[in-house]
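**Student:** Sending over a structure as structure tokens; questions will come in a sec.
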Amino acid sequence: MSHKFTFYNTLSRKIEEFNPREEGKVSMYTCGPTVYHFAHIGNIRTYIMQDVLIKALGYAGYDVKRVMNITDVGHLSSDADTGEDKMLAGAKREHKTVMEIAKFYTDAFFKDFDAVGNKRPDVVEPATNCIPEFIHMVEVLLEKGYAYVAGGNVYFDTSKLQDYYVFSSEVEKEQLQVGVRDDVEEDTNKKNKTDFVLWFTKSKFEDQALKWDSPWGVGYPGWHIECSCISMKHLGEYIDIHCGGVDNIFPHHTNEIAQSESYLGHEWCKYWFHSNHLNDKSGKMSKSKGAVLTVSVLQEKGYDPLVYRFFCLQSHYRKPLEFSYEALDQAAQAFNKLVKRVSELKEDGAVDIAAKEKFEENFRDAVSNDLNTSMAITVLYDVLKADINDSTKLALVESFDKVLSLDLLGHAKAVSEGPSVDPELEKFILDAIERRANAKKAKDFATADAIRAELLEKGVEIKDTREGVKWQLI
């Protein structure tokens with residue numbers, strides 16, 4: 001029996017109770033990366049929040065099947081079907097073939113994706129695997145009168161729809177139309193401003209690296225079609241939840257719905273889940289600003305990738321989150337304190353089942369209420385403060401971590417088993433501390449500093465505290 005689960009549905013613009021088509025089962029599609037460059041930490045935030053959604057649904061009793069695409073062809077540098085193919089741009093930049101670029105950045109993406117505790121999707125499909133499916137969908141859309149050929153390319157005709165702007169209010173529609181008009185360059189083949197390309201042949205990319213035969217000539221697919229086809233290939237004609245970042249809503253998801261529902265002749269996906277941007281002081285994280293801040297870069301700077309996950313979980317997925325190293329340092333401090341508290345717990349008898357179930361219910365309520373991850377973390381702190389035995393606390397930490405995925409028990413074990421000190425080194429350290437105390441008493445600060453430096457060379461850091469001198473291995 002699944003627990004009541006609610007989240008904000010972008011399509012209805014309200015928080016709704018989730019009811020899948022099939023009792024207890026969830027079919028989910030998530031937009032994958034365009035593998036022309038590294039995924040920055042803003043992209044990874046989106047995948048962390050999707051991962052929490054999947055695990056929270058699992059915690060509430062649902063069985064989730066998740067499919068994700070890898071965009072390795074067809075995504076142009078502008079959403080208005082203009083600009084250059086991002087994959088080709090990446091290949092030119094790095095003097096590699098498009099497929100070498102795709103492989104390199106797919107591997108880099110999954111390295112960071114895994115490092116922050118995400119579970120890999122059940123199916124990951126590159127767009128270049130599904131060319132026959134794309135061609136078939138375009139043929140059906142032409143047959144049904146939803147598409148037309150102009151200037152050699154095939155376009156989707158948005159004027160054939162009752163409502164193209166499915167995600168938007170009247171005000172947004174005006175803004176979106178203005179946005180489309182202001183785009184870089186106008187495609188004169190289009191009948192309507194909002195029409196989009198399903199298949200490119202006579203485009204300006206004479207040197208497009210990846211091309212396939214099609215009934216309309218040699219070419220390659222538009223960007224939007226891949227998600228519709230890959231989703232249908234693996235999940236059938238209906239999906240329960242479609243995920244992405246807020247920047248995917250228009251035009252990408254709008255176009256996906258347009259072509260999918262015109263092709264199928266019925267509603268395709270009922271629930272749409274979008275995560276907000278990660279910003280830095282200068283605005284939205286993006287790849288066009290030069291150096292890309294990735295999870296791997298954070299690791300090189302000495303941060304545990306799970307500290308970044310913890311940082312993301314402390315805020316709500318629908319709010320923009322501002323990244324700074326100060327904020328990450330605060331998250332690291334809080335995370336280390338949390339781990340230390342968990343490391344101090346000792347198995348001490350039987351688990352109190354009634355208390356465990358009560359706290360699990362509180363936790364389930366938090367994550368099932370529009371994915372309230374900061375409240376879920378508060379429940380974890382409540383457990384650590386609660387008047388229950390350590391065995392029950394450890395069982396709850398393990399239970400909650402199925403969703404939080406912060407590897408709290410693994411980190412705690414590493415802390416409690418920390419680097420052991422051999423007796424000889426310990427004696428040397430204590431002697432040195434005493435020699436330094438005597439030197440300080442005699443106001444011989446040069447010797448005191450020299451002793452501190454000598455200890456540092458041996459990997460020992462000392463701190464003067466109110467409780468006396470503390471030392472630790474570094």
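In the structure tokens, chains take letters A, B, ... by order of appearance, with residues numbered from 1 within each chain and ligands from 1 in the order shown.
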Env of Val35 in chain A: 10 Å cut, atoms = only C-alpha atoms, seq-sep filter 4 positions within chain, self excluded. Answer as a PDB file with C-alpha atoms, in the first residue's frame.

**Tutor:**
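Ended up saving to selection-v8.pdb:
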ATOM      1  CA  ALA A  39      27.743  19.085 -16.299  1.00  0.00           C
ATOM      2  CA  ILE A  70      21.704  11.234 -23.441  1.00  0.00           C
ATOM      3  CA  THR A  71      21.595  14.041 -26.024  1.00  0.00           C
ATOM      4  CA  ASP A  72      24.483  13.290 -28.350  1.00  0.00           C
ATOM      5  CA  VAL A  73      23.032  14.895 -31.484  1.00  0.00           C
ATOM      6  CA  HIS A  75      20.665  20.095 -29.618  1.00  0.00           C
ATOM      7  CA  LYS A  86      26.310  21.916 -29.420  1.00  0.00           C
ATOM      8  CA  MET A  87      27.980  18.552 -30.065  1.00  0.00           C
ATOM      9  CA  GLY A  90      32.330  20.771 -28.655  1.00  0.00           C
ATOM     10  CA  VAL A  98      31.572  14.092 -32.127  1.00  0.00           C
ATOM     11  CA  MET A  99      31.406  10.503 -30.830  1.00  0.00           C
ATOM     12  CA  ILE A 101      33.231  14.069 -27.322  1.00  0.00           C
ATOM     13  CA  ALA A 102      29.989  12.243 -26.472  1.00  0.00           C
ATOM     14  CA  LYS A 103      31.805   9.340 -24.814  1.00  0.00           C
ATOM     15  CA  PHE A 104      34.188  11.571 -22.838  1.00  0.00           C
ATOM     16  CA  TYR A 105      31.460  13.841 -21.465  1.00  0.00           C
ATOM     17  CA  THR A 106      28.988  11.000 -20.822  1.00  0.00           C
ATOM     18  CA  ASP A 107      31.639   9.305 -18.649  1.00  0.00           C
ATOM     19  CA  ALA A 108      32.432  12.597 -16.899  1.00  0.00           C
ATOM     20  CA  PHE A 109      28.724  13.193 -16.277  1.00  0.00           C
ATOM     21  CA  PRO A 126      21.690   7.957 -26.299  1.00  0.00           C
TER      22      PRO A 126
END

**Student:** Taking 2 positions as the minimum chain separation for residues in the same chain, which residues sit within 12 Å of Ala376 in chain A when counting only C-alpha atoms? Answer as number ranges by chain.

**Tutor:** A: 52, 56, 310, 313-316, 359-374, 378-383, 397, 399-401, 403-404

**Student:** With only C-alpha atoms as the atoms that count, which of A:Ile225, A:Leu298, A:Ile48, A:Val123 lies nearest to Cys312 in chain A?

**Tutor:**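 Between A:Ile225, A:Leu298, A:Ile48, A:Val123, the residue approaching Cys312 in chain A most closely is A:Ile48.
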
**Student:** DSSP on the backbone, then: every residue of range 126-350 of chain A marked helix (DSSP H, G or I), written as a ChimeraX atom specification.

**Tutor:** /A:127-129,131-143,158-160,170-181,225-235,246-264,287-289,295-300,305-313,325-343

**Student:** Quote the spacing between CA of Ala258 in chain A and CA of Leu161 in chain A in Å to one decimal place.

**Tutor:**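 Interatomic distance, CA of Ala258 in chain A to CA of Leu161 in chain A: 7.6 Å.
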
**Student:** Taking only C-alpha atoms into account, name the residue in A:Val292, A:Ile239, A:Ile474, A:Ile353 that is nearest to His266 in chain A.

**Tutor:**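 Of the candidates, the smallest distance to His266 in chain A is held by A:Ile239.
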
**Student:** Counting only C-alpha atoms, figure out which residue out of A:Asn19, A:Ser12, A:Thr30, A:Thr128 gets nearest to Ser231 in chain A.

**Tutor:**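 Selected residue with least distance to Ser231 in chain A: A:Thr30.
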
**Student:** Determine, for each residue of range 325-423 of chain A having at least one atom at most 12 Å from an atom of range 113-116 of chain A, the closest pair of atoms and their separation in Å to one decimal, counting only C-alpha atoms; order by chain and ascending number, as a tab-separated table.

**Tutor:**
residue	atom	partner	partner_atom	distance
A:Leu404	CA	A:Val116	CA	10.6
A:Ser405	CA	A:Val116	CA	8.4
A:Leu406	CA	A:Val116	CA	8.2
A:Asp407	CA	A:Val116	CA	10.1
